[in-house]
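As stored in work.txt (compact mmCIF, C-alpha atoms):
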```txt
# COMPACT_ATOMS: atom_id res chain seq x y z
CA MET W 1073 -20.20 -7.50 3.99
CA LEU W 1074 -16.89 -6.34 2.53
CA SER W 1075 -16.78 -4.15 -0.54
CA PHE W 1076 -13.96 -2.40 -2.36
CA VAL W 1077 -14.06 1.05 -3.92
CA ASP W 1078 -11.56 2.24 -6.52
CA ILE W 1079 -10.20 5.64 -5.54
CA THR W 1080 -9.62 8.23 -8.27
CA LEU W 1081 -9.09 11.98 -8.30
CA LYS W 1082 -12.86 12.30 -8.79
CA ASN W 1083 -13.86 10.53 -5.57
CA TRP W 1084 -10.75 11.29 -3.47
CA ASN W 1085 -12.55 13.99 -1.44
CA LYS W 1086 -15.24 11.54 -0.30
CA TYR W 1087 -12.64 9.28 1.37
CA GLU W 1088 -9.78 11.73 2.05
CA GLU W 1089 -10.45 12.17 5.77
CA ASN W 1090 -10.73 8.42 6.37
CA ILE W 1091 -7.59 7.71 4.36
CA LEU W 1092 -5.53 10.35 6.17
CA ASN W 1093 -6.87 9.15 9.54
CA SER W 1094 -5.64 5.63 8.67
CA GLU W 1095 -2.16 7.12 8.57
CA LEU W 1096 -2.37 7.60 12.35
CA GLU W 1097 -1.67 3.84 12.62
CA PHE W 1098 1.93 4.63 11.62
CA LYS W 1099 4.75 6.53 13.28
CA GLU W 1100 4.78 10.18 12.33
CA GLU W 1101 7.98 9.82 10.28
CA ILE W 1102 6.31 7.50 7.78
CA ARG W 1103 2.80 8.89 7.56
CA THR W 1104 1.79 9.62 4.00
CA PRO W 1105 0.65 13.19 3.41
CA LYS W 1106 -2.20 14.04 1.08
CA GLU W 1107 0.26 15.23 -1.59
CA GLU W 1108 1.84 11.79 -1.93
CA TYR W 1109 -1.55 10.17 -2.39
CA ILE W 1110 -2.41 12.74 -5.06
CA TYR W 1111 0.93 11.95 -6.76
CA ILE W 1112 -0.09 8.29 -6.93
CA LEU W 1113 -3.55 9.18 -8.25
CA ARG W 1114 -1.86 11.15 -11.04
CA SER W 1115 0.57 8.38 -11.94
CA LYS W 1116 0.12 6.47 -15.18
CA SER W 1117 -0.57 3.06 -13.68
CA PHE W 1118 -1.88 2.68 -10.15
CA ILE W 1119 -4.31 0.77 -7.99
CA PHE W 1120 -5.92 2.57 -5.07
CA LYS W 1121 -8.79 0.99 -3.16
CA VAL W 1122 -10.57 1.46 0.11
CA VAL W 1123 -12.30 -1.40 1.85
CA LEU W 1124 -15.72 -0.96 3.43
CA LEU W 1125 -17.38 -3.23 5.95
CA ASP W 1126 -21.14 -2.79 5.73
CA ASN W 1127 -20.46 0.57 4.02
CA VAL W 1128 -18.12 1.72 6.83
CA TYR W 1129 -14.54 2.57 5.86
CA ILE W 1130 -11.99 0.22 7.49
CA GLY W 1131 -8.80 0.54 5.44
CA LEU W 1132 -6.97 1.07 2.18
CA VAL W 1133 -4.43 -0.33 -0.22
CA THR W 1134 -2.49 1.54 -2.86
CA GLY W 1135 0.30 0.78 -5.24
CA TYR W 1136 1.70 2.01 -8.50
CA LYS W 1137 4.17 1.26 -11.28
CA PRO W 1138 7.21 3.21 -10.14
CA ALA W 1139 9.19 5.53 -12.34
CA LYS W 1140 12.98 5.06 -12.32
CA ALA W 1141 13.36 7.89 -9.79
CA ASP W 1142 10.85 6.16 -7.47
CA ILE W 1143 12.75 2.88 -7.76
CA ARG W 1144 15.90 4.63 -6.53
CA PHE W 1145 13.94 6.49 -3.83
CA HIS W 1146 12.56 3.22 -2.46
CA GLY W 1147 16.04 1.67 -2.42
CA LEU W 1148 15.29 -0.85 -5.16
CA LYS W 1149 18.23 0.13 -7.38
CA ASN W 1150 18.70 -3.36 -8.83
CA LYS W 1151 15.10 -3.63 -10.01
CA THR W 1152 13.52 -2.82 -13.31
CA ASN W 1153 10.10 -1.18 -13.26
CA ASP W 1154 8.12 -4.23 -14.40
CA PHE W 1155 6.39 -4.62 -11.02
CA ILE W 1156 3.75 -2.88 -8.99
CA TYR W 1157 5.08 -1.24 -5.83
CA LEU W 1158 2.69 -1.81 -2.95
CA PHE W 1159 2.94 1.62 -1.36
CA ASN W 1160 0.53 1.20 1.53
CA ILE W 1161 -1.86 -1.32 3.00
CA VAL W 1162 -3.59 -0.61 6.28
CA ILE W 1163 -6.61 -1.83 8.18
CA ASP W 1164 -7.75 0.48 10.96
CA LYS W 1165 -6.99 -0.85 14.44
CA PRO W 1166 -10.50 -1.91 15.53
CA TYR W 1167 -10.72 -4.17 12.46
CA GLN W 1168 -7.26 -5.75 12.55
CA GLY W 1169 -6.80 -9.48 13.11
CA LYS W 1170 -10.10 -10.43 11.48
CA GLY W 1171 -8.91 -11.35 7.98
CA TYR W 1172 -9.77 -8.04 6.36
CA GLY W 1173 -6.14 -7.27 5.51
CA SER W 1174 -5.87 -10.60 3.74
CA ALA W 1175 -9.04 -9.92 1.77
CA LEU W 1176 -7.77 -6.46 0.87
CA LEU W 1177 -4.43 -7.87 -0.32
CA ASP W 1178 -6.27 -10.52 -2.36
CA GLU W 1179 -8.29 -7.76 -4.03
CA PHE W 1180 -5.11 -5.78 -4.74
CA LEU W 1181 -3.44 -8.85 -6.26
CA ARG W 1182 -6.51 -9.53 -8.42
CA ALA W 1183 -6.53 -5.95 -9.69
CA SER W 1184 -2.76 -6.02 -10.26
CA LYS W 1185 -2.99 -9.16 -12.34
CA GLU W 1186 -5.88 -7.65 -14.29
CA LYS W 1187 -3.64 -4.65 -15.11
CA GLY W 1188 -0.91 -6.98 -16.38
CA PHE W 1189 1.48 -7.01 -13.44
CA SER W 1190 3.17 -10.30 -12.60
CA LYS W 1191 5.11 -9.17 -9.54
CA LEU W 1192 4.54 -7.08 -6.42
CA ILE W 1193 7.33 -5.50 -4.37
CA GLY W 1194 7.02 -3.40 -1.23
CA HIS W 1195 8.42 -2.45 2.15
CA PHE W 1196 6.56 -3.97 5.06
CA GLY W 1197 6.58 -3.52 8.81
CA PRO W 1198 5.99 -6.33 11.32
CA ASN W 1199 2.19 -6.63 10.90
CA SER W 1200 2.09 -6.50 7.12
CA LYS W 1201 5.22 -8.68 6.94
CA LYS W 1202 3.18 -11.53 8.43
CA LEU W 1203 0.46 -10.92 5.86
CA MET W 1204 2.97 -11.09 3.01
CA ILE W 1205 4.49 -14.33 4.32
CA ARG W 1206 1.02 -15.92 4.50
CA HIS W 1207 0.53 -14.97 0.84
CA GLY W 1208 3.78 -16.65 -0.18
CA ALA W 1209 6.02 -13.58 -0.55
CA THR W 1210 9.81 -13.83 -0.36
CA GLU W 1211 11.98 -11.46 1.66
CA ILE W 1212 14.59 -9.88 -0.62
CA SER W 1213 16.20 -7.32 1.70
CA VAL W 1214 15.88 -5.37 4.93
CA ALA W 1215 15.68 -1.59 5.15
CA LYS W 1216 17.34 -0.83 8.49
CA ASN W 1217 15.95 2.10 10.49
CA TRP W 1218 13.26 2.76 7.86
CA GLU W 1219 13.00 6.52 7.33
CA ASN W 1220 14.57 7.16 10.77
CA THR W 1221 11.78 5.41 12.67
CA GLY W 1222 14.11 3.08 14.55
CA ASP W 1223 12.23 0.16 12.95
CA ASP W 1224 13.42 -2.22 10.29
CA PHE W 1225 11.15 -2.69 7.30
CA PHE W 1226 11.37 -5.72 5.09
CA VAL W 1227 11.31 -5.71 1.33
CA TYR W 1228 9.14 -8.53 0.01
CA GLU W 1229 8.51 -9.73 -3.48
CA LEU W 1230 5.47 -11.73 -4.50
CA ASN W 1231 4.72 -13.31 -7.84
CA ILE W 1232 1.15 -12.59 -8.78
```

This structure in structure tokens:
Amino acid sequence: MLSFVDITLKNWNKYEENILNSELEFKEEIRTPKEEYIYILRSKSFIFKVVLLDNVYIGLVTGYKPAKADIRFHGLKNKTNDFIYLFNIVIDKPYQGKGYGSALLDEFLRASKEKGFSKLIGHFGPNSKKLMIRHGATEISVAKNWENTGDDFFVYELNI
């Protein structure tokens, strides 16, 4: 059975190792260090959840309301900060392709709507791009050679 746990500074240590190990799914250039996760947990408005399958960690999702500096950093210079930026969504490899990513995104969208957000924006690689398309997201731009990985990431926007 799937369950979702809200991550806060108080329970970060319990899931820290799992969360940082999930980063191994990504190329080294785009792995999120602990400090960036702590930055999100200290932001004013964020959503950070892990997903458990029968009480076993299988992935995470996190997003936050970006400050103006973050909007520029993420290359979204023409955007106001009235959206939630989906910073990371990942399901660990053994659990991919089973619908858990979709369930995790649904939970993130539910929580985002509950917090008053009406729009989600984020950069997505090939796997999560497919997930966003299935949820009705619209591609708004392409970030070529995302953070020097050699891969293009796609900026998607989704009305919540």

Pick the closest to Asn1217 in chain W from W:Ala1175, W:Ala1183, W:Ile1102, W:Leu1158: which is it, counting all atoms listed in the file?
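Ranked by minimum distance to Asn1217 in chain W, first place goes to W:Ile1102.
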
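Checking W:Lys1082, W:Lys1099, W:Arg1182, W:Lys1106 one by one against Trp1218 in chain W, counting all atoms listed in the file, you find the shortest gap at W:Lys1099.
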
Give the padded box for range 1213-1228 of chain W as AutoDock Vina command-line options: axis-aligned, covering all atoms listed in the file, 8 Å on each side, centre and edge lengths in Å to one decimal.
```
--center_x 13.2 --center_y -0.7 --center_z 7.3 --size_x 24.2 --size_y 31.7 --size_z 30.5
```

Please build the interface table for range 1116-1191 of chain W against range 1083-1093 of chain W with a cut-off of 9 Å, listing for each qualifying residue the nearest atom pair and the distance in Å to one decimal; count all atoms listed in the file, order rows by chain and increasing number, and write it as a tab-separated table.
```
residue	atom	partner	partner_atom	distance
W:Val1122	CA	W:Ile1091	CA	8.1
W:Tyr1129	CA	W:Asn1090	CA	7.0
W:Ile1130	CA	W:Asn1090	CA	8.4
W:Gly1131	CA	W:Ile1091	CA	7.4
W:Leu1132	CA	W:Ile1091	CA	7.0
W:Asp1164	CA	W:Asn1093	CA	8.8
```

Find, counting all atoms listed in the file, the residue in W:Tyr1111, W:Tyr1228, W:Phe1180, W:Phe1189 that gets nearest to Asp1078 in chain W.
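Selected residue with least distance to Asp1078 in chain W: W:Phe1180.
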
Counting only C-alpha atoms, figure out which residue out of W:Ala1141, W:Ile1156, W:Ala1215, W:Leu1081 gets nearest to Leu1181 in chain W.
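Nearest candidate to Leu1181 in chain W out of W:Ala1141, W:Ile1156, W:Ala1215, W:Leu1081: W:Ile1156.
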
For CA of Lys1202 in chain W and CA of Lys1140 in chain W, the interatomic separation in Å (one decimal)
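We find that CA of Lys1202 in chain W and CA of Lys1140 in chain W lie 28.3 Å from each other.
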
Please write as a PDB file with C-alpha atoms, in the frame of the given file the list of polymer residues whose atoms come within 7 Å of (-2.6, 2.3, -11.4), counting all atoms listed in the file and keeping to the coordinates of the file.
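Written output follows (point01.pdb):
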```pdb
ATOM      1  CA  SER W1115       0.570   8.380 -11.940  1.00  0.00           C
ATOM      2  CA  LYS W1116       0.120   6.470 -15.180  1.00  0.00           C
ATOM      3  CA  SER W1117      -0.570   3.060 -13.680  1.00  0.00           C
ATOM      4  CA  PHE W1118      -1.880   2.680 -10.150  1.00  0.00           C
ATOM      5  CA  ILE W1119      -4.310   0.770  -7.990  1.00  0.00           C
ATOM      6  CA  GLY W1135       0.300   0.780  -5.240  1.00  0.00           C
ATOM      7  CA  TYR W1136       1.700   2.010  -8.500  1.00  0.00           C
ATOM      8  CA  LYS W1137       4.170   1.260 -11.280  1.00  0.00           C
TER       9      LYS W1137
END
```

Within 10 Å of Tyr1172 in chain W, counting only C-alpha atoms, which residues show up once you throw out same-chain ones fewer than 6 positions away? Write them as a VMD selection string, please.
chain W and resid 1074 1123 to 1125 1130 to 1131 1162 to 1164 1178

For Ser1213 in chain W, which of W:Leu1148, W:Ile1143, W:Asn1199, W:Ser1190 is the closest residue, counting all atoms listed in the file?
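Checking each candidate against Ser1213 in chain W, we get W:Leu1148 as the closest.
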
How far is it from CA of Thr1210 in chain W to CA of Gln1168 in chain W, in Å with one decimal?
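Here the two named atoms are 22.9 Å from each other.
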
Using all atoms listed in the file for the distances, tell me which of W:Ile1193, W:Ile1212, W:Val1133, W:Val1077 is nearest to Leu1177 in chain W.
W:Val1133

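With all atoms listed in the file taken into account, every residue lying no more than 6 Å from the file point (13.4, -4.4, 2.9) is included here: His1195, Ser1213, Val1214, Ala1215, Phe1225, Phe1226 and Val1227 of chain W.
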
Include C-alpha atoms and write out the residues we just selected as an mmCIF file, in the coordinates of the input.
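Output saved as selection.cif:
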```
data_model
loop_
_atom_site.group_PDB
_atom_site.id
_atom_site.type_symbol
_atom_site.label_atom_id
_atom_site.label_comp_id
_atom_site.auth_asym_id
_atom_site.auth_seq_id
_atom_site.Cartn_x
_atom_site.Cartn_y
_atom_site.Cartn_z
ATOM 1 C CA HIS W 1195 8.420 -2.450 2.150
ATOM 2 C CA SER W 1213 16.200 -7.320 1.700
ATOM 3 C CA VAL W 1214 15.880 -5.370 4.930
ATOM 4 C CA ALA W 1215 15.680 -1.590 5.150
ATOM 5 C CA PHE W 1225 11.150 -2.690 7.300
ATOM 6 C CA PHE W 1226 11.370 -5.720 5.090
ATOM 7 C CA VAL W 1227 11.310 -5.710 1.330
#
```

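Atom pair CA of Phe1159 in chain W / CA of Ser1075 in chain W has a distance of 20.6 Å (rounded to one decimal).
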
Would you mind listing what lies within 10 Å of His1207 in chain W as an MDAnalysis selection string, with all atoms listed in the file counted and same-chain residues fewer than 6 positions away left out?
chainID W and resid 1174 1177:1178 1201 1230:1232

Could you write those residues out with C-alpha atoms, as a PDB file, keeping the file's coordinate frame?
```pdb
ATOM      1  CA  SER W1174      -5.870 -10.600   3.740  1.00  0.00           C
ATOM      2  CA  LEU W1177      -4.430  -7.870  -0.320  1.00  0.00           C
ATOM      3  CA  ASP W1178      -6.270 -10.520  -2.360  1.00  0.00           C
ATOM      4  CA  LYS W1201       5.220  -8.680   6.940  1.00  0.00           C
ATOM      5  CA  LEU W1230       5.470 -11.730  -4.500  1.00  0.00           C
ATOM      6  CA  ASN W1231       4.720 -13.310  -7.840  1.00  0.00           C
ATOM      7  CA  ILE W1232       1.150 -12.590  -8.780  1.00  0.00           C
TER       8      ILE W1232
END
```
